[in-house]
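Colleague: Supplied in structure tokens, the structure appears directly below.
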Amino acid sequence: MTSDPSLSGLPKAVLAALTKLGIDSQFDLVLHLPLRYDDETVLHPIAAAPTGAPVTVEGTVVDTDVKYRPRRQLVSRIGDGTGVMGLRFLHFYGSQLRQLAPGTRVRAFGEVRSGLLGPEMIHPRYRVVRGEMPLPRALTPVYPTTAGLGQETLRRLVGRALAAADTADTLPPGLAGRLGLPAFGEAVGLLHHPPPSTARAALDERSHPAWRRVKFDELLAQQLSMRLARERRRAGTAPALVPRGTLTRARVAALPFRLTRAQRRAWRELERDLARPHPMQRLLQGDVGSGKTVVAALAALQCVENGWQVAVMAPTEVLAEQHHHNFARWLAPLGVGVAWLAGGLPRAEKRAAAARVAEGAAKVAVGTHALIQDEVEFDRLALAIVDEQQRFGVHQRLALRMKGGARAGATPHQLMMSATPIPRTMAMSYYADLDVSVIDELPPGRVPVATRLFSAARRDEVVRRVRDACVAGSQAYWVCPLIEEDTGEKPAAPGGRPRRARGRSAAQQMKNVLETHAAISATFPELKVGLLHGRMKSDEKAAVMQAYAAGAIRLLVATTVIEVGVDVPNATLMVIENAERLGLSQLHQLRGRVGRGGEAAACVLLYAEPLSAAARERLKIIYENRDGFEIARHDLRLRGPGELLGARQSGVPMLRFADLEADLDLLDAARGAAGELLRADRAAARRHLERWLGGRHELLKV
């Protein structure tokens, strides 16, 4: 509950409601901006009140009665000499009968409808008029609220906060004017109490200069916090890993393929960062199959050839196992020991692997969350590689970096990888504290995967096509959307927002994948059909994937556990059931599991009808687009940044008002202004951060 002295004296229930709204201080009230506005500044004669529009009318109560048909309701009629208006209340108190006694003067605001007995308002907002009661001079704000906190209370609290709070500008003199923005105090004052002449469309669309000023200040606070985080990181010390070239040159020479230009560019950026005595914090992003892992392996070798260790952490055992396989295959011939650590390992094997890491015998340790357990210690950790970083919390990533062992005085470098491309606007804002390398081209020979849409009514036809492809020598995946065991997330809700799964739902979904496997196995007795899901034991999952990679399993029925990291070149066909339930990024990740061997490949999306408008739009986007960055841009537009950021939300200021797509010009201006403010007036930068983040954020340490 809020402890701001400026809010003291308020009832506990009001304070609790404010806390639910994220209002903990007086200035939070200033920034609690309206959702919309009502225009109560004009009084309409009843006879001229337009139907279908919210208006204000005033009249004398003619009669008030409680009606019982078709349901109990209170009906009052008021007249003003030009006509009579009905006021209908389906829910009411007995006191309203007394308030609306005949002869009482009443002013009502609401939407006018055509009733059986003439024009009427349903549940209007009304006041008893006593003496002279002037009309409001500004539009009436309607605020976001919660149960137990009425609009009148909020308006009173906001008005009090506006009068008492310091709304002086925190920007350098002249900056707002150069950007064509009003003063901050003027902007928030107008947004809370806009004059009737204010362009309503500009207010509703949040394009009014007052809205743009608030958005700019919010973006500036985010940019300042990100820059300060970067400054503090660069002030730390890390092992300077000079590129010696002994192991990296040998590895590149032995590769059966040539690195793409984008891979070589990313490698050079990593090589340069690792050579500096300050902690690298770089995000390596690229589309599915763009070759991020081999670039990460070269970074690991640069670390090893300097006598240090590397940790590689992935969110699922399937993905971690794939990394272990690749790193061992690439590094073991060079004499580099690679250890494997996962929660499902037998205790003796886990202890032996941990001992090799602690002694320094294993220069590279690959695993899941098991890497950050207390019993795992590194001798000389200099580089932490985190794949699918958005699935890990801030504290988990930090725990891995703190495994520095005997050289704890130096902070390990960190390389984060993501196969979910980050839209440019998000990289400029939420990832502004990181250095970003982009692998924006696929290896030569990769054939685009064809996407096909089939209604669930044609499922039997799809089954026949899958059988024919497998009999002809191909391999296929049959994906059943299921709870992602590692994160507890269900497929996306119809609006695109992920939902938390409940036990019963998870059990039902597990039943679905087991039944699908049994049914397909019975349908294809001549084919070996495998099963893979997150609740299997580690050795069982590893055995299934080995058999599938070797071609012994022709068709693999799986949950979305195969979404990342699975690389079987012979797999050319994927079927995703209930595709309408999955988000864009997940569909794109799954589709990227096929077509990795240069052969023509296809992904069939089976959907259940009827489709919601949001599901239809998602399927249309995934059908029409193959570029991961374009898909990510649409995903940002549909879902907003919060869900795409995943666990990175912790410690990163979220945006309440600015829209990254619509306000790109403001984001560009805020990036420039942040640097200018930190160079010219760090005290002003601190005041700006305090205004927007209060005392709640560690990035206020200037």
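Quick note on naming: the chains in the structure tokens go A, B, ... in the order shown, residues restart at 1 in each chain, and ligands are numbered from 1 in order of appearance.
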Report as a list in words all protein, DNA and RNA residues lying within 10 Å of range 112-124 of chain A, evaluated on only C-alpha atoms, omitting residues in the same chain fewer than 4 positions from it.
Modeller: Ile46, Ala47, Ala49, Pro50, Thr51, Gly52, Ala53, Pro54, Val55, Thr56, Val57, Leu74, Val75, Ser76, Arg77, Ile78, Gly83, Val84, Met85, Gly86, Leu87, Arg88, Phe89, Leu90, His91, Phe92, Arg107 and Ala108 of chain A
Colleague: Per residue of range 75-134 of chain A within 12 Å of range 35-39 of chain A, what are the shortest atom pair and its distance in Å to one decimal, counting only C-alpha atoms, with rows by chain and residue number, as a Markdown table?
Modeller:
```
| residue | atom | partner | partner_atom | distance |
| --- | --- | --- | --- | --- |
| A:Phe109 | CA | A:Asp38 | CA | 9.0 |
| A:Gly110 | CA | A:Asp38 | CA | 9.3 |
| A:Glu111 | CA | A:Asp38 | CA | 10.8 |
| A:Arg125 | CA | A:Asp38 | CA | 11.1 |
```
Colleague: Using only C-alpha atoms, determine which residues lie at most 9 Å from range 656-662 of chain A, disregarding the query and same-chain residues fewer than 3 positions distant; provide the list as a PyMOL selection string.
Modeller: chain A and resi 206+211-212+214-216+218-219+425-426+429+633+636-637+640-641+665-667
Colleague: Enumerate the residues of range 111-337 of chain A with a DSSP assignment of helix (DSSP H, G or I), computed from the backbone, and present them as a PyMOL selection string.
Modeller: chain A and resi 151-164+175-178+184-192+200-204+209-234+246-254+261-274+292-304+317-334
Colleague: Can you list, as a PDB file with N, CA, C and O atoms, in the first residue's frame, every protein, DNA or RNA residue that comes within 6 Å of Leu573 in chain A when you count only C-alpha atoms, leaving out same-chain residues fewer than 4 positions away?
Modeller:
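Contents of around05.pdb, as written:
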```pdb
ATOM      1  N   ALA A 476       8.808 -36.223 -40.797  1.00  0.00           N
ATOM      2  CA  ALA A 476       7.815 -35.186 -40.513  1.00  0.00           C
ATOM      3  C   ALA A 476       7.624 -35.027 -39.008  1.00  0.00           C
ATOM      4  O   ALA A 476       7.906 -35.934 -38.219  1.00  0.00           O
ATOM      5  N   ALA A 601      10.389 -27.949 -48.480  1.00  0.00           N
ATOM      6  CA  ALA A 601       9.711 -28.298 -47.233  1.00  0.00           C
ATOM      7  C   ALA A 601       8.403 -27.532 -47.126  1.00  0.00           C
ATOM      8  O   ALA A 601       8.206 -26.494 -47.764  1.00  0.00           O
ATOM      9  N   ALA A 602       7.515 -28.067 -46.296  1.00  0.00           N
ATOM     10  CA  ALA A 602       6.208 -27.429 -46.125  1.00  0.00           C
ATOM     11  C   ALA A 602       5.778 -27.513 -44.667  1.00  0.00           C
ATOM     12  O   ALA A 602       6.142 -28.444 -43.937  1.00  0.00           O
ATOM     13  N   CYS A 603       5.002 -26.505 -44.250  1.00  0.00           N
ATOM     14  CA  CYS A 603       4.424 -26.473 -42.907  1.00  0.00           C
ATOM     15  C   CYS A 603       2.918 -26.320 -43.070  1.00  0.00           C
ATOM     16  O   CYS A 603       2.436 -25.346 -43.671  1.00  0.00           O
TER      17      CYS A 603
END
```
Colleague: Quick one: DSSP strand (DSSP E) residues in range 197-424 of chain A, as a PyMOL selection string?
Modeller: chain A and resi 281-286+309-313+338-341+364-367+381-387+413-418
Colleague: With N, CA and C atoms kept, could you save the residues just selected as a CSV table (one decimal), in the first residue's frame?
Modeller:
```csv
chain,number,residue,atom,x,y,z
A,281,GLN,N,28.1,-7.2,-23.0
A,281,GLN,CA,26.7,-7.6,-22.8
A,281,GLN,C,26.0,-7.4,-24.2
A,282,ARG,N,26.1,-8.5,-25.0
A,282,ARG,CA,25.7,-8.4,-26.4
A,282,ARG,C,24.6,-9.4,-26.6
A,283,LEU,N,23.7,-8.9,-27.4
A,283,LEU,CA,22.6,-9.8,-27.9
A,283,LEU,C,22.8,-10.2,-29.3
A,284,LEU,N,22.9,-11.5,-29.6
A,284,LEU,CA,23.1,-12.0,-30.9
A,284,LEU,C,21.7,-12.5,-31.4
A,285,GLN,N,21.2,-11.8,-32.4
A,285,GLN,CA,19.9,-12.3,-32.8
A,285,GLN,C,19.9,-12.6,-34.3
A,286,GLY,N,19.1,-13.5,-34.7
A,286,GLY,CA,19.0,-13.9,-36.1
A,286,GLY,C,17.8,-14.8,-36.3
A,309,GLN,N,37.0,-20.2,-18.9
A,309,GLN,CA,35.9,-21.2,-19.2
A,309,GLN,C,34.7,-20.4,-19.7
A,310,VAL,N,33.8,-21.3,-20.2
A,310,VAL,CA,32.6,-20.8,-20.8
A,310,VAL,C,31.4,-21.6,-20.3
A,311,ALA,N,30.3,-20.9,-20.0
A,311,ALA,CA,29.0,-21.6,-19.6
A,311,ALA,C,28.0,-21.3,-20.7
A,312,VAL,N,27.3,-22.3,-21.2
A,312,VAL,CA,26.2,-22.2,-22.2
A,312,VAL,C,24.9,-22.7,-21.6
A,313,MET,N,24.0,-21.8,-21.4
A,313,MET,CA,22.7,-22.2,-20.7
A,313,MET,C,21.5,-22.0,-21.7
A,338,VAL,N,34.2,-30.6,-22.9
A,338,VAL,CA,32.8,-30.0,-22.9
A,338,VAL,C,32.0,-30.9,-21.9
A,339,ALA,N,31.5,-30.2,-20.8
A,339,ALA,CA,30.7,-30.9,-19.8
A,339,ALA,C,29.2,-30.7,-20.1
A,340,TRP,N,28.4,-31.7,-19.6
A,340,TRP,CA,26.9,-31.6,-19.8
A,340,TRP,C,26.3,-31.7,-18.4
A,341,LEU,N,25.4,-30.6,-18.1
A,341,LEU,CA,24.8,-30.5,-16.8
A,341,LEU,C,23.3,-30.2,-17.0
A,364,VAL,N,34.3,-25.9,-21.3
A,364,VAL,CA,32.9,-25.4,-21.7
A,364,VAL,C,31.9,-26.3,-20.9
A,365,ALA,N,30.9,-25.6,-20.3
A,365,ALA,CA,29.9,-26.4,-19.6
A,365,ALA,C,28.6,-26.0,-20.3
A,366,VAL,N,27.8,-27.0,-20.7
A,366,VAL,CA,26.5,-26.7,-21.4
A,366,VAL,C,25.4,-27.3,-20.5
A,367,GLY,N,24.3,-26.6,-20.4
A,367,GLY,CA,23.3,-27.2,-19.6
A,367,GLY,C,22.0,-26.3,-19.5
A,381,LEU,N,35.5,-18.7,-14.9
A,381,LEU,CA,34.4,-18.4,-15.9
A,381,LEU,C,34.6,-17.0,-16.4
A,382,ALA,N,34.7,-16.9,-17.8
A,382,ALA,CA,34.9,-15.6,-18.4
A,382,ALA,C,33.8,-15.2,-19.4
A,383,LEU,N,33.0,-16.2,-19.8
A,383,LEU,CA,31.9,-15.9,-20.7
A,383,LEU,C,30.7,-16.8,-20.4
A,384,ALA,N,29.5,-16.1,-20.3
A,384,ALA,CA,28.3,-16.8,-20.1
A,384,ALA,C,27.4,-16.6,-21.3
A,385,ILE,N,27.0,-17.7,-22.0
A,385,ILE,CA,26.2,-17.6,-23.2
A,385,ILE,C,24.8,-18.1,-22.8
A,386,VAL,N,23.8,-17.3,-23.0
A,386,VAL,CA,22.4,-17.7,-22.7
A,386,VAL,C,21.6,-17.7,-24.0
A,387,ASP,N,21.1,-18.8,-24.3
A,387,ASP,CA,20.2,-18.9,-25.5
A,387,ASP,C,18.8,-18.7,-25.1
A,413,HIS,N,31.9,-11.9,-19.3
A,413,HIS,CA,31.2,-11.3,-20.4
A,413,HIS,C,29.9,-12.1,-20.6
A,414,GLN,N,28.9,-11.5,-21.2
A,414,GLN,CA,27.7,-12.2,-21.4
A,414,GLN,C,27.2,-12.1,-22.9
A,415,LEU,N,26.9,-13.2,-23.5
A,415,LEU,CA,26.4,-13.2,-24.8
A,415,LEU,C,25.0,-13.8,-24.7
A,416,MET,N,24.0,-13.1,-25.1
A,416,MET,CA,22.6,-13.6,-25.2
A,416,MET,C,22.2,-13.8,-26.6
A,417,MET,N,21.5,-14.9,-26.9
A,417,MET,CA,21.1,-15.3,-28.2
A,417,MET,C,19.6,-15.4,-28.3
A,418,SER,N,19.0,-15.0,-29.4
A,418,SER,CA,17.6,-15.1,-29.5
A,418,SER,C,17.2,-15.4,-31.0
```
Colleague: Skip Leu149 in chain A itself and residues of its chain fewer than 5 positions away, then list as a list in words all residues within 9 Å of it, counting only C-alpha atoms.
Modeller: Ala13, Val14, Ala17, Leu18 and Leu154 of chain A
